[in-house]
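Text of protein_17.cif, listed as mmCIF, C-alpha atoms:
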data_structure
loop_
_atom_site.label_atom_id
_atom_site.label_comp_id
_atom_site.auth_asym_id
_atom_site.auth_seq_id
_atom_site.Cartn_x
_atom_site.Cartn_y
_atom_site.Cartn_z
CA MET U 1 135.67 96.03 101.17
CA ALA U 2 132.60 94.70 102.92
CA SER U 3 130.93 91.68 101.42
CA ALA U 4 127.88 92.30 99.28
CA HIS U 5 126.49 88.85 100.02
CA VAL U 6 123.41 89.39 102.16
CA THR U 7 121.85 86.97 104.57
CA ALA U 8 118.19 86.78 105.37
CA ALA U 9 118.75 87.08 109.09
CA GLY U 10 118.50 90.85 109.03
CA PRO U 11 120.58 93.92 108.28
CA GLU U 12 123.75 94.93 110.00
CA PRO U 13 123.63 98.25 111.82
CA ALA U 14 123.69 101.07 109.29
CA ALA U 15 125.34 104.44 109.62
CA PRO U 16 123.13 107.05 111.29
CA ALA U 17 121.00 109.09 108.91
CA PRO U 18 122.08 112.68 108.35
CA PRO U 19 119.72 115.45 109.44
CA GLY U 20 117.06 116.75 107.08
CA SER U 21 115.96 115.19 103.82
CA LEU U 22 116.51 115.51 100.11
CA TRP U 23 114.07 118.42 100.02
CA ARG U 24 117.04 120.47 101.25
CA ASN U 25 119.40 119.09 98.61
CA GLY U 26 119.35 121.57 95.74
CA ALA U 27 121.50 119.47 93.41
CA PHE U 28 119.23 116.45 93.73
CA LEU U 29 116.09 118.56 93.30
CA THR U 30 117.49 120.10 90.11
CA PHE U 31 118.37 116.68 88.72
CA TRP U 32 114.98 115.33 89.79
CA LEU U 33 113.13 118.13 88.00
CA GLY U 34 115.01 117.63 84.74
CA GLU U 35 114.57 113.87 84.80
CA THR U 36 110.85 114.20 85.60
CA VAL U 37 110.26 116.39 82.54
CA SER U 38 112.37 114.04 80.42
CA LEU U 39 110.38 111.02 81.59
CA LEU U 40 107.16 112.78 80.69
CA GLY U 41 108.44 113.41 77.18
CA THR U 42 109.61 109.82 76.85
CA GLN U 43 106.05 108.65 77.43
CA VAL U 44 105.00 110.61 74.36
CA THR U 45 107.61 108.77 72.27
CA THR U 46 106.64 105.38 73.71
CA LEU U 47 103.13 105.78 72.30
CA ALA U 48 103.84 108.00 69.30
CA LEU U 49 106.53 105.84 67.63
CA PRO U 50 104.43 102.67 67.21
CA LEU U 51 101.36 104.73 66.30
CA THR U 52 103.44 106.47 63.63
CA ALA U 53 104.29 103.04 62.23
CA ILE U 54 100.67 101.84 62.37
CA ARG U 55 98.81 104.94 61.22
CA ALA U 56 101.30 106.58 58.85
CA PHE U 57 102.77 103.46 57.22
CA GLY U 58 100.20 100.71 57.89
CA ALA U 59 102.78 98.58 59.70
CA SER U 60 101.94 94.93 60.39
CA ASP U 61 101.92 93.36 63.86
CA GLU U 62 105.35 91.89 63.17
CA GLN U 63 106.76 95.25 62.05
CA VAL U 64 105.47 96.97 65.20
CA GLY U 65 107.03 94.22 67.30
CA LEU U 66 110.32 94.64 65.44
CA LEU U 67 110.22 98.42 65.98
CA ARG U 68 109.69 97.91 69.71
CA PHE U 69 112.50 95.35 69.76
CA LEU U 70 114.97 97.70 68.04
CA GLN U 71 114.15 100.49 70.50
CA LEU U 72 115.37 98.28 73.34
CA ALA U 73 117.82 95.96 71.55
CA PRO U 74 120.84 98.28 72.11
CA TYR U 75 120.65 97.34 75.79
CA LEU U 76 121.47 93.75 74.85
CA GLY U 77 124.66 94.60 72.98
CA LEU U 78 125.89 97.87 74.46
CA ALA U 79 124.84 98.23 78.09
CA LEU U 80 127.74 96.22 79.53
CA LEU U 81 130.29 97.95 77.30
CA PHE U 82 128.93 101.41 78.14
CA GLY U 83 128.89 100.46 81.82
CA VAL U 84 132.64 99.81 81.77
CA TRP U 85 133.27 103.14 80.09
CA VAL U 86 130.94 105.07 82.42
CA ASP U 87 132.93 103.83 85.42
CA ARG U 88 136.00 105.54 83.90
CA VAL U 89 134.51 108.99 83.22
CA ARG U 90 132.43 111.69 84.88
CA ARG U 91 128.83 110.66 84.38
CA ARG U 92 127.24 114.11 84.11
CA ARG U 93 129.07 114.80 80.85
CA VAL U 94 127.93 111.47 79.42
CA MET U 95 124.32 112.22 80.34
CA LEU U 96 124.51 115.64 78.71
CA ALA U 97 125.80 114.16 75.46
CA ALA U 98 123.20 111.37 75.43
CA ASN U 99 120.28 113.76 75.92
CA LEU U 100 121.55 116.12 73.23
CA VAL U 101 121.68 113.21 70.77
CA ARG U 102 118.16 112.07 71.68
CA MET U 103 116.85 115.60 71.33
CA VAL U 104 118.27 116.00 67.81
CA LEU U 105 117.15 112.57 66.60
CA LEU U 106 113.56 112.95 67.77
CA ALA U 107 113.30 116.49 66.38
CA LEU U 108 114.41 115.01 63.05
CA VAL U 109 111.28 112.82 62.77
CA PRO U 110 108.73 115.63 62.24
CA VAL U 111 111.19 117.48 59.98
CA LEU U 112 111.48 114.43 57.72
CA TYR U 113 107.72 113.90 57.92
CA TRP U 114 107.01 117.44 56.75
CA ALA U 115 109.55 117.01 53.96
CA ASP U 116 107.80 113.77 52.91
CA ALA U 117 111.09 111.94 53.46
CA LEU U 118 110.10 109.75 56.43
CA GLY U 119 109.67 106.04 55.79
CA MET U 120 109.39 102.89 57.88
CA VAL U 121 113.08 102.07 57.46
CA THR U 122 114.14 105.60 58.47
CA LEU U 123 111.81 105.53 61.47
CA THR U 124 113.24 102.18 62.57
CA VAL U 125 116.83 103.43 62.27
CA ILE U 126 116.05 106.55 64.31
CA ALA U 127 114.29 104.45 66.95
CA CYS U 128 117.34 102.21 67.26
CA ALA U 129 119.72 105.19 67.43
CA VAL U 130 117.61 106.80 70.17
CA GLY U 131 117.83 103.45 71.95
CA VAL U 132 121.63 103.57 71.83
CA ALA U 133 121.66 107.05 73.40
CA SER U 134 119.14 105.87 75.99
CA VAL U 135 121.46 103.03 76.98
CA LEU U 136 124.26 105.50 77.56
CA PHE U 137 122.07 107.77 79.67
CA ASP U 138 120.50 104.96 81.68
CA VAL U 139 123.77 103.32 82.73
CA SER U 140 124.94 106.77 83.85
CA TRP U 141 122.07 108.37 85.75
CA MET U 142 121.60 105.70 88.39
CA SER U 143 125.33 105.71 89.03
CA TYR U 144 125.26 109.52 89.20
CA VAL U 145 122.48 109.79 91.81
CA PRO U 146 124.74 108.84 94.78
CA THR U 147 126.94 111.81 93.80
CA VAL U 148 124.13 114.31 94.41
CA VAL U 149 122.46 112.35 97.24
CA ARG U 150 125.79 111.93 99.09
CA HIS U 151 124.56 109.67 101.94
CA PRO U 152 123.37 106.04 101.71
CA ALA U 153 120.68 106.75 104.30
CA HIS U 154 118.89 108.84 101.66
CA TYR U 155 118.95 106.17 98.93
CA VAL U 156 115.42 104.94 99.67
CA GLU U 157 114.10 108.52 99.66
CA ALA U 158 115.88 109.22 96.36
CA SER U 159 114.59 106.00 94.82
CA SER U 160 111.08 106.81 96.03
CA LYS U 161 111.17 110.31 94.57
CA MET U 162 112.49 109.04 91.24
CA GLY U 163 109.79 106.38 91.33
CA VAL U 164 107.13 109.04 91.89
CA SER U 165 108.44 110.91 88.86
CA SER U 166 108.40 107.80 86.71
CA SER U 167 104.88 106.94 87.82
CA ALA U 168 103.62 110.51 87.43
CA ALA U 169 105.00 110.49 83.88
CA ASP U 170 103.24 107.18 83.31
CA VAL U 171 99.99 108.78 84.47
CA ALA U 172 100.16 112.05 82.54
CA GLY U 173 102.32 111.00 79.60
CA PRO U 174 100.08 108.56 77.69
CA GLY U 175 97.06 110.85 77.95
CA ILE U 176 99.06 113.82 76.71
CA ALA U 177 100.59 111.63 74.00
CA GLY U 178 97.18 110.44 72.84
CA LEU U 179 95.85 113.98 72.62
CA LEU U 180 98.98 115.21 70.83
CA VAL U 181 98.87 112.36 68.34
CA SER U 182 95.19 113.03 67.66
CA ALA U 183 95.73 116.78 67.26
CA LEU U 184 99.14 116.94 65.55
CA SER U 185 99.71 113.43 64.10
CA ALA U 186 102.09 110.89 65.64
CA PRO U 187 105.34 112.09 64.00
CA VAL U 188 104.80 115.74 64.94
CA ALA U 189 104.00 114.81 68.57
CA LEU U 190 107.62 113.74 69.00
CA ILE U 191 108.61 117.41 69.19
CA VAL U 192 107.41 117.34 72.79
CA ASP U 193 109.92 114.66 73.74
CA ALA U 194 112.72 116.55 71.99
CA ALA U 195 111.85 119.62 74.07
CA SER U 196 111.84 117.55 77.28
CA TYR U 197 115.42 116.47 76.65
CA LEU U 198 116.40 120.12 76.29
CA VAL U 199 114.98 120.75 79.78
CA SER U 200 117.01 117.83 81.12
CA VAL U 201 120.18 119.19 79.52
CA VAL U 202 119.65 122.60 81.16
CA SER U 203 119.02 121.02 84.57
CA LEU U 204 122.25 119.01 84.36
CA LEU U 205 124.19 122.14 83.42
CA LEU U 206 122.85 123.88 86.54
CA ILE U 207 124.16 121.21 88.96
CA ARG U 208 127.35 122.33 90.68
CA THR U 209 127.99 119.36 92.99
CA PRO U 210 131.56 118.18 92.29
CA GLU U 211 131.68 114.69 90.83
CA PRO U 212 134.63 112.59 92.04
CA CYS U 213 137.24 111.92 89.41
CA PRO U 214 137.16 108.21 88.53
CA GLU U 215 140.25 106.14 89.15
CA ASN U 216 142.58 106.07 86.18
CA ASN U 217 144.49 102.90 85.66
CA ALA U 218 146.28 102.31 82.38
CA ARG U 219 146.26 98.58 82.99
CA ARG U 220 142.46 98.29 83.05
CA HIS U 221 141.06 95.90 80.44
CA VAL U 222 137.59 96.18 78.92
CA LEU U 223 136.87 92.45 78.72
CA ARG U 224 138.00 91.94 82.30
CA GLU U 225 135.82 94.77 83.50
CA LEU U 226 132.85 93.45 81.54
CA ARG U 227 133.35 90.13 83.28
CA ASP U 228 133.77 91.85 86.65
CA GLY U 229 130.50 93.79 86.30
CA LEU U 230 128.41 90.82 85.24
CA GLY U 231 130.21 88.63 87.76
CA TRP U 232 129.47 91.09 90.58
CA VAL U 233 125.75 90.73 89.89
CA MET U 234 125.74 86.98 89.30
CA ARG U 235 127.89 86.07 92.33
CA ASN U 236 125.70 88.05 94.72
CA ARG U 237 122.60 85.96 95.35
CA ILE U 238 120.42 89.02 96.07
CA LEU U 239 121.49 90.94 92.97
CA ARG U 240 121.30 87.78 90.86
CA ALA U 241 117.74 87.09 91.99
CA LEU U 242 116.69 90.69 91.35
CA ALA U 243 118.20 90.61 87.85
CA LEU U 244 116.66 87.31 86.76
CA VAL U 245 113.20 88.12 88.06
CA GLY U 246 113.52 91.59 86.56
CA PHE U 247 114.21 90.04 83.15
CA CYS U 248 110.99 88.04 83.38
CA CYS U 249 108.96 91.01 84.66
CA ASN U 250 110.13 93.30 81.85
CA PHE U 251 109.47 90.57 79.28
CA SER U 252 105.93 90.25 80.63
CA MET U 253 105.21 93.98 80.82
CA ILE U 254 106.48 94.91 77.34
CA THR U 255 104.82 91.84 75.81
CA VAL U 256 101.43 92.68 77.30
CA TRP U 257 101.75 96.42 76.60
CA THR U 258 102.61 95.83 72.92
CA MET U 259 99.91 93.20 72.51
CA PHE U 260 97.30 95.50 73.99
CA LEU U 261 98.40 98.38 71.76
CA LEU U 262 97.87 96.16 68.72
CA HIS U 263 94.67 94.61 70.10
CA GLY U 264 93.25 97.98 71.11
CA THR U 265 94.06 99.58 67.76
CA ARG U 266 92.97 96.76 65.45
CA ASP U 267 90.28 94.82 67.37
CA LEU U 268 88.80 97.31 69.84
CA HIS U 269 89.23 100.21 67.37
CA LEU U 270 90.41 102.61 70.06
CA SER U 271 91.58 106.07 68.98
CA PRO U 272 95.03 107.36 70.05
CA SER U 273 93.39 109.55 72.70
CA ALA U 274 91.40 106.58 74.03
CA LEU U 275 94.53 104.39 74.14
CA GLY U 276 96.36 107.16 75.96
CA GLY U 277 93.44 107.46 78.38
CA VAL U 278 93.58 103.73 79.18
CA PHE U 279 97.31 103.84 79.93
CA SER U 280 97.05 107.12 81.86
CA THR U 281 94.20 105.94 84.07
CA ALA U 282 95.90 102.63 84.78
CA SER U 283 99.22 104.33 85.53
CA VAL U 284 97.72 106.00 88.60
CA GLY U 285 98.52 102.65 90.21
CA GLY U 286 102.23 103.22 89.65
CA LEU U 287 102.05 106.70 91.16
CA ILE U 288 100.26 105.35 94.24
CA GLY U 289 102.84 102.57 94.52
CA ALA U 290 105.77 104.98 94.40
CA LEU U 291 104.13 107.27 96.98
CA ILE U 292 103.38 104.52 99.48
CA ALA U 293 106.61 102.55 98.96
CA GLY U 294 108.66 104.42 101.59
CA PRO U 295 106.09 104.11 104.44
CA VAL U 296 105.29 100.50 103.49
CA ILE U 297 108.97 99.52 103.55
CA LYS U 298 109.32 101.09 107.01
CA ARG U 299 106.20 99.29 108.28
CA PHE U 300 106.66 95.77 106.87
CA ARG U 301 109.49 93.34 106.22
CA LEU U 302 111.35 94.24 103.05
CA GLY U 303 111.12 90.76 101.56
CA ARG U 304 107.38 90.58 102.09
CA VAL U 305 106.88 93.96 100.43
CA TYR U 306 108.94 92.79 97.45
CA LEU U 307 106.98 89.53 97.15
CA VAL U 308 103.56 91.18 97.22
CA ALA U 309 104.57 93.98 94.84
CA GLN U 310 106.17 91.67 92.25
CA SER U 311 103.24 89.24 92.47
CA ALA U 312 100.81 92.07 91.71
CA LEU U 313 102.93 93.02 88.69
CA LEU U 314 103.04 89.46 87.36
CA LEU U 315 99.38 88.56 88.00
CA GLY U 316 97.95 91.78 86.56
CA PRO U 317 97.88 90.48 82.94
CA ALA U 318 95.40 87.77 83.96
CA LEU U 319 92.65 90.42 84.11
CA ILE U 320 93.15 91.31 80.45
CA ALA U 321 93.18 87.65 79.42
CA THR U 322 89.85 87.01 81.16
CA ALA U 323 88.15 90.25 80.02
CA THR U 324 84.83 89.41 78.34
CA GLY U 325 81.45 91.06 77.88
CA PRO U 326 80.41 94.45 76.52
CA ARG U 327 83.16 96.70 75.17
CA PRO U 328 83.10 99.13 78.17
CA VAL U 329 83.53 96.19 80.56
CA VAL U 330 86.47 94.83 78.55
CA ILE U 331 88.15 98.24 78.56
CA ALA U 332 87.53 98.63 82.31
CA MET U 333 89.16 95.26 83.00
CA CYS U 334 92.13 96.23 80.85
CA VAL U 335 92.52 99.42 82.88
CA ALA U 336 92.31 97.40 86.11
CA SER U 337 94.94 94.98 84.80
CA PHE U 338 97.47 97.70 84.02
CA PHE U 339 96.58 99.50 87.28
CA LEU U 340 97.51 96.41 89.31
CA THR U 341 100.69 95.86 87.31
CA TYR U 342 101.84 99.47 87.71
CA LEU U 343 100.94 99.51 91.41
CA GLY U 344 103.24 96.53 91.99
CA LEU U 345 105.95 98.08 89.82
CA GLY U 346 105.84 101.37 91.73
CA VAL U 347 106.53 99.66 95.06
CA ALA U 348 108.94 97.02 93.75
CA ASN U 349 111.17 99.52 91.96
CA VAL U 350 111.95 101.39 95.18
CA VAL U 351 112.95 98.13 96.88
CA ILE U 352 115.01 96.96 93.90
CA VAL U 353 116.93 100.19 93.28
CA SER U 354 117.69 100.63 96.99
CA LEU U 355 119.01 97.06 97.25
CA ARG U 356 121.17 97.53 94.17
CA GLN U 357 122.69 100.75 95.50
CA THR U 358 123.42 99.40 98.99
CA SER U 359 124.93 96.19 97.57
CA THR U 360 127.40 97.84 95.19
CA PRO U 361 130.44 100.11 95.73
CA ALA U 362 130.72 103.37 93.75
CA SER U 363 133.58 102.00 91.65
CA MET U 364 131.36 99.17 90.41
CA MET U 365 128.06 101.09 90.15
CA GLY U 366 128.16 101.75 86.41
CA ARG U 367 128.99 98.14 85.56
CA MET U 368 126.35 96.81 87.96
CA THR U 369 123.77 99.14 86.42
CA ALA U 370 124.82 98.06 82.95
CA ALA U 371 124.47 94.38 83.82
CA PHE U 372 120.96 95.03 85.12
CA ARG U 373 120.05 97.17 82.12
CA THR U 374 121.22 94.41 79.80
CA LEU U 375 118.96 91.87 81.46
CA LEU U 376 115.97 94.12 82.17
CA PHE U 377 115.78 95.86 78.83
CA GLY U 378 116.88 92.71 77.05
CA GLY U 379 113.77 91.10 78.48
CA GLY U 380 111.73 94.08 77.30
CA ALA U 381 113.23 93.94 73.80
CA LEU U 382 112.47 90.24 73.45
CA GLY U 383 109.00 90.87 74.85
CA GLY U 384 108.25 93.46 72.18
CA LEU U 385 109.48 91.14 69.43
CA SER U 386 107.49 88.20 70.81
CA ALA U 387 104.36 90.32 71.11
CA GLY U 388 104.40 91.26 67.45
CA PHE U 389 104.92 87.73 66.15
CA LEU U 390 102.53 86.04 68.61
CA THR U 391 99.77 88.55 67.91
CA GLY U 392 100.26 88.13 64.18
CA ALA U 393 100.14 84.33 64.47
CA LEU U 394 97.47 83.80 67.14
CA GLY U 395 95.39 86.95 67.17
CA GLY U 396 95.04 89.47 70.00
CA ASP U 397 92.93 87.46 72.48
CA ALA U 398 94.90 84.20 72.27
CA ALA U 399 98.25 85.99 72.44
CA LEU U 400 97.22 87.93 75.56
CA THR U 401 96.04 84.70 77.22
CA LEU U 402 99.38 83.01 76.53
CA ALA U 403 101.26 86.03 77.93
CA ALA U 404 99.14 86.02 81.11
CA VAL U 405 99.81 82.32 81.75
CA GLY U 406 103.55 82.78 81.34
CA SER U 407 103.56 85.78 83.66
CA ALA U 408 101.63 83.90 86.37
CA THR U 409 104.16 81.05 86.19
CA VAL U 410 106.95 83.49 87.09
CA ALA U 411 104.88 84.71 90.06
CA ILE U 412 104.87 81.18 91.47
CA ALA U 413 108.64 80.83 91.01
CA LEU U 414 109.11 84.13 92.85
CA LEU U 415 108.56 82.30 96.15
CA ALA U 416 112.04 80.78 95.84
CA SER U 417 113.80 84.17 95.61
CA PRO U 418 116.16 84.97 98.54
CA VAL U 419 114.99 88.60 98.33
CA THR U 420 111.61 87.58 99.75
CA ARG U 421 113.35 86.51 102.98
CA LEU U 422 115.09 89.82 103.72
CA THR U 423 113.89 91.73 106.77
CA ALA U 424 115.31 95.15 105.81
CA LEU U 425 117.96 96.83 103.69
CA PRO U 426 121.45 95.40 104.28
CA ARG U 427 124.35 97.49 105.42
CA PRO U 428 125.75 99.49 102.47
CA VAL U 429 128.90 98.16 100.86
CA GLU U 430 131.89 100.40 101.54
CA GLN U 431 132.06 103.10 98.87
#

Rewritten as structure tokens:
Amino acid sequence: MASAHVTAAGPEPAAPAPPGSLWRNGAFLTFWLGETVSLLGTQVTTLALPLTAIRAFGASDEQVGLLRFLQLAPYLGLALLFGVWVDRVRRRRVMLAANLVRMVLLALVPVLYWADALGMVTLTVIACAVGVASVLFDVSWMSYVPTVVRHPAHYVEASSKMGVSSSAADVAGPGIAGLLVSALSAPVALIVDAASYLVSVVSLLLIRTPEPCPENNARRHVLRELRDGLGWVMRNRILRALALVGFCCNFSMITVWTMFLLHGTRDLHLSPSALGGVFSTASVGGLIGALIAGPVIKRFRLGRVYLVAQSALLLGPALIATATGPRPVVIAMCVASFFLTYLGLGVANVVIVSLRQTSTPASMMGRMTAAFRTLLFGGGALGGLSAGFLTGALGGDAALTLAAVGSATVAIALLASPVTRLTALPRPVEQ
């Protein structure tokens, strides 16, 4: 097996790219369509769940932070364990089951609401259960993509297309969510996300690309495989750097997003549709980033692209912290802040996912993904919890300033990352 330890001197010669592109790959296009619709629906839930807590139950800042934490907390405890299991089974079946569970749970929220049986505790339990299913899906889909892509030379294109979908959902989703919440109420708006998971289930059922049967070995041990997956990431200096910086970036993004949701609702008195409009407008930056990522990576050194993109993500919150003046000016600076953050995220994600896929063999992909999910979403979970308690203790303005300072500190430390010294993608590890 080729070493996954990458030097900064440049990539080894890669295998020649196959003819054509993923536009001719029907299996990938089907998967891409289903995941795009699902991502759009997820954006509705991201906004509708906390607004349900705030508007329907008068939740405090701390309760909203706890709700956000419990949505992402399953990644801390289950991602590594699920990653071991996913490497033993066919991933498409796992993804089907996870999306069916999420569909049913989210459809249950409006049903309970109409029956006057929905409370804050019930909402929190459902949010956590949806998080568990999301962990299972997330550690599976990234490992499943190489099955439908089939050639490492198309990994960047696949990552770019998935990034475009994520960014397009970021653009359209919050605006749609805000309008739905305003028109239907926050709990009822969750029906849209339930329907999006149904679309994803159908798309997965339509894929006919054979998935290789995982190796069966009766002597495999869960604890050993957990250690192997985390060890694979931590022993590889490129993967380790990506994971640790990713933890900090997700902590920053979820912290600032949650703080602004609370600040915008309570201090700026923004309606759900206005909040959705802010996030939608700003998310155009992520769509632009995903669209330009491929050409930019071809034109410039990979490490330099990563450095600039991650710096934009980490320095974006400073614009919110310094926003003063009339209310329209403050809102405009908040939009600019999120725009810059999402622009950096759109480009950085393509670099990060491509590096992870080329640095990991297929047999280790699920465990590698799980290790990353544990750190990335663990950072997000802790960010949501911190946002609620800091906003409750300091107030919206002071909490946002503290978050911006912490984020900028990480941007300075980014200069020491070995990823910033890469010239291009390394040679893929033998699959």

Please return the centre and edge lengths, in Å to one decimal, of a box with edges along x, y and z that contains all listed atoms of region 410-422 of chain U, widened by 8 Å on every side, as lines of an AutoDock Vina configuration file.
center_x = 110.5
center_y = 85.3
center_z = 95.4
size_x = 27.3
size_y = 25.0
size_z = 32.6

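Residues in contact range of Asn250 (chain U), defined as at most 7 Å between all atoms listed in the file, with sequence neighbours fewer than 5 positions away removed, read Leu376, Phe377, Gly379 and Gly380 of chain U.
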
Checklist entry - Any chance you could work out the residue set of the PyMOL selection byres ((chain U and resi 115-129) around 6) here, as a VMD selection string? => result chain U and resid 67 70 to 71 112 to 114 130 to 132

Item to check | Selection under test: the PyMOL selection byres ((chain U and resi 51) around 9); residues as a ChimeraX atom specification | outcome: /U:47-50,52-56,64,181,186-187,261,272

Checklist entry - In Å to one decimal, how far is CA of Thr45 (chain U) from CA of Leu198 (chain U)? => result 14.9 Å

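CA of Leu179 (chain U) sits 19.9 Å away from CA of Phe57 (chain U).
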
Next on the checklist: Please compute the CA of Leu96 (chain U)-CA of Ser203 (chain U) distance, one decimal, in Å.
Outcome noted: 9.7 Å

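For the file shown, the residue list from the PyMOL selection byres ((chain U and resi 61) around 9) reads Ile54, Ala59, Ser60, Glu62, Gln63, Val64, Gly65, Leu66, Met259, Leu262, Ala387, Gly388, Phe389, Leu390, Thr391 and Gly392 of chain U.
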
Checklist outcome for this item: Restricting to only C-alpha atoms, whichever of U:Arg150, U:Lys161, U:Arg90, U:Arg356 is closest to Gly294 (chain U) is U:Lys161

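Near Val104 (chain U), within 10 Å and counting only C-alpha atoms, sit Asn99, Leu100, Val101, Ala107, Leu108, Val109, Val130, Ile191, Ala194, Ala195, Tyr197 and Leu198 of chain U; same-chain residues fewer than 3 positions away were not included.
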
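For the choices U:Thr30, U:Thr281, U:Thr409, U:Thr258, the atom-to-atom distance to Leu206 (chain U) is smallest for U:Thr30 when using all atoms listed in the file.
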
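Shortest atom-to-atom contact with Pro326 (chain U) among U:Leu268, U:Leu287, U:Ala408, U:Leu78: U:Leu268, counting only C-alpha atoms.
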
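Using only C-alpha atoms, the smallest distance between any of U:Val278, U:Val192, U:Leu80, U:Val37 and Asp228 (chain U) comes from U:Leu80.
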
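For the set U:Gly26, U:Gly289, U:Gly229, U:Pro418, the residue with the smallest atom-to-atom gap to Val245 (chain U) is U:Pro418, counting all atoms listed in the file.
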
Checklist outcome for this item: Counting all atoms listed in the file, the residue among U:Val135, U:Leu105, U:Leu315, U:Met364 that lies closest to Ser252 (chain U) is U:Leu315

Item to check | Ala168 (chain U) environment, 8 Å, only C-alpha atoms, sequence neighbours closer than 4 positions dropped, as JSON, numbers by chain | outcome: {"U": [40, 164, 172, 173, 283, 284, 286, 287]}

Next on the checklist: as a PyMOL selection string, please: the residues near Met253 (chain U) (cut-off 9 Å, all atoms listed in the file, same-chain neighbours under 5 positions excluded).
Outcome noted: chain U and resi 248+258+313-314+317+341+380+383+407

Next on the checklist: Need the shell around Val296 (chain U): protein/DNA/RNA residues with any atom at most 10 Å away, counting all atoms listed in the file. Skip same-chain ones fewer than 6 positions apart. Format as a ChimeraX atom specification?
Outcome noted: /U:289,302,305,347

Starting from the incomplete input, reconstruct all heavy atoms of region 141-146 of chain U and report them as an mmCIF file, keeping the file's coordinate frame.
data_model
loop_
_atom_site.group_PDB
_atom_site.id
_atom_site.type_symbol
_atom_site.label_atom_id
_atom_site.label_comp_id
_atom_site.auth_asym_id
_atom_site.auth_seq_id
_atom_site.Cartn_x
_atom_site.Cartn_y
_atom_site.Cartn_z
ATOM 1 N N TRP U 141 122.809 107.574 84.777
ATOM 2 C CA TRP U 141 122.070 108.370 85.750
ATOM 3 C C TRP U 141 121.955 107.679 87.099
ATOM 4 O O TRP U 141 122.082 108.323 88.149
ATOM 5 C CB TRP U 141 120.690 108.763 85.205
ATOM 6 C CG TRP U 141 119.606 107.729 85.341
ATOM 7 C CD1 TRP U 141 119.158 106.888 84.376
ATOM 8 C CD2 TRP U 141 118.802 107.451 86.504
ATOM 9 N NE1 TRP U 141 118.146 106.094 84.840
ATOM 10 C CE2 TRP U 141 117.906 106.425 86.158
ATOM 11 C CE3 TRP U 141 118.762 107.961 87.801
ATOM 12 C CZ2 TRP U 141 116.982 105.893 87.054
ATOM 13 C CZ3 TRP U 141 117.835 107.430 88.701
ATOM 14 C CH2 TRP U 141 116.952 106.415 88.324
ATOM 15 N N MET U 142 121.733 106.377 87.112
ATOM 16 C CA MET U 142 121.600 105.700 88.390
ATOM 17 C C MET U 142 122.915 105.681 89.151
ATOM 18 O O MET U 142 122.950 105.733 90.380
ATOM 19 C CB MET U 142 121.071 104.281 88.187
ATOM 20 C CG MET U 142 120.529 103.644 89.459
ATOM 21 S SD MET U 142 119.736 102.048 89.156
ATOM 22 C CE MET U 142 118.359 102.522 88.121
ATOM 23 N N SER U 143 124.014 105.632 88.395
ATOM 24 C CA SER U 143 125.330 105.710 89.030
ATOM 25 C C SER U 143 125.649 107.124 89.491
ATOM 26 O O SER U 143 126.473 107.320 90.390
ATOM 27 C CB SER U 143 126.404 105.247 88.027
ATOM 28 O OG SER U 143 126.110 103.965 87.534
ATOM 29 N N TYR U 144 125.007 108.116 88.867
ATOM 30 C CA TYR U 144 125.260 109.520 89.200
ATOM 31 C C TYR U 144 124.482 109.966 90.436
ATOM 32 O O TYR U 144 124.936 110.853 91.167
ATOM 33 C CB TYR U 144 124.890 110.392 88.004
ATOM 34 C CG TYR U 144 125.095 111.878 88.222
ATOM 35 C CD1 TYR U 144 126.376 112.414 88.324
ATOM 36 C CD2 TYR U 144 124.004 112.740 88.318
ATOM 37 C CE1 TYR U 144 126.565 113.773 88.517
ATOM 38 C CE2 TYR U 144 124.191 114.106 88.505
ATOM 39 C CZ TYR U 144 125.461 114.616 88.602
ATOM 40 O OH TYR U 144 125.649 115.960 88.790
ATOM 41 N N VAL U 145 123.332 109.364 90.685
ATOM 42 C CA VAL U 145 122.480 109.790 91.810
ATOM 43 C C VAL U 145 123.221 109.806 93.143
ATOM 44 O O VAL U 145 123.101 110.769 93.911
ATOM 45 C CB VAL U 145 121.205 108.926 91.882
ATOM 46 C CG1 VAL U 145 120.484 109.111 93.218
ATOM 47 C CG2 VAL U 145 120.262 109.286 90.736
ATOM 48 N N PRO U 146 124.009 108.757 93.501
ATOM 49 C CA PRO U 146 124.740 108.840 94.780
ATOM 50 C C PRO U 146 125.649 110.057 94.891
ATOM 51 O O PRO U 146 125.937 110.514 96.003
ATOM 52 C CB PRO U 146 125.546 107.533 94.796
ATOM 53 C CG PRO U 146 124.747 106.586 93.969
ATOM 54 C CD PRO U 146 124.174 107.431 92.867
#
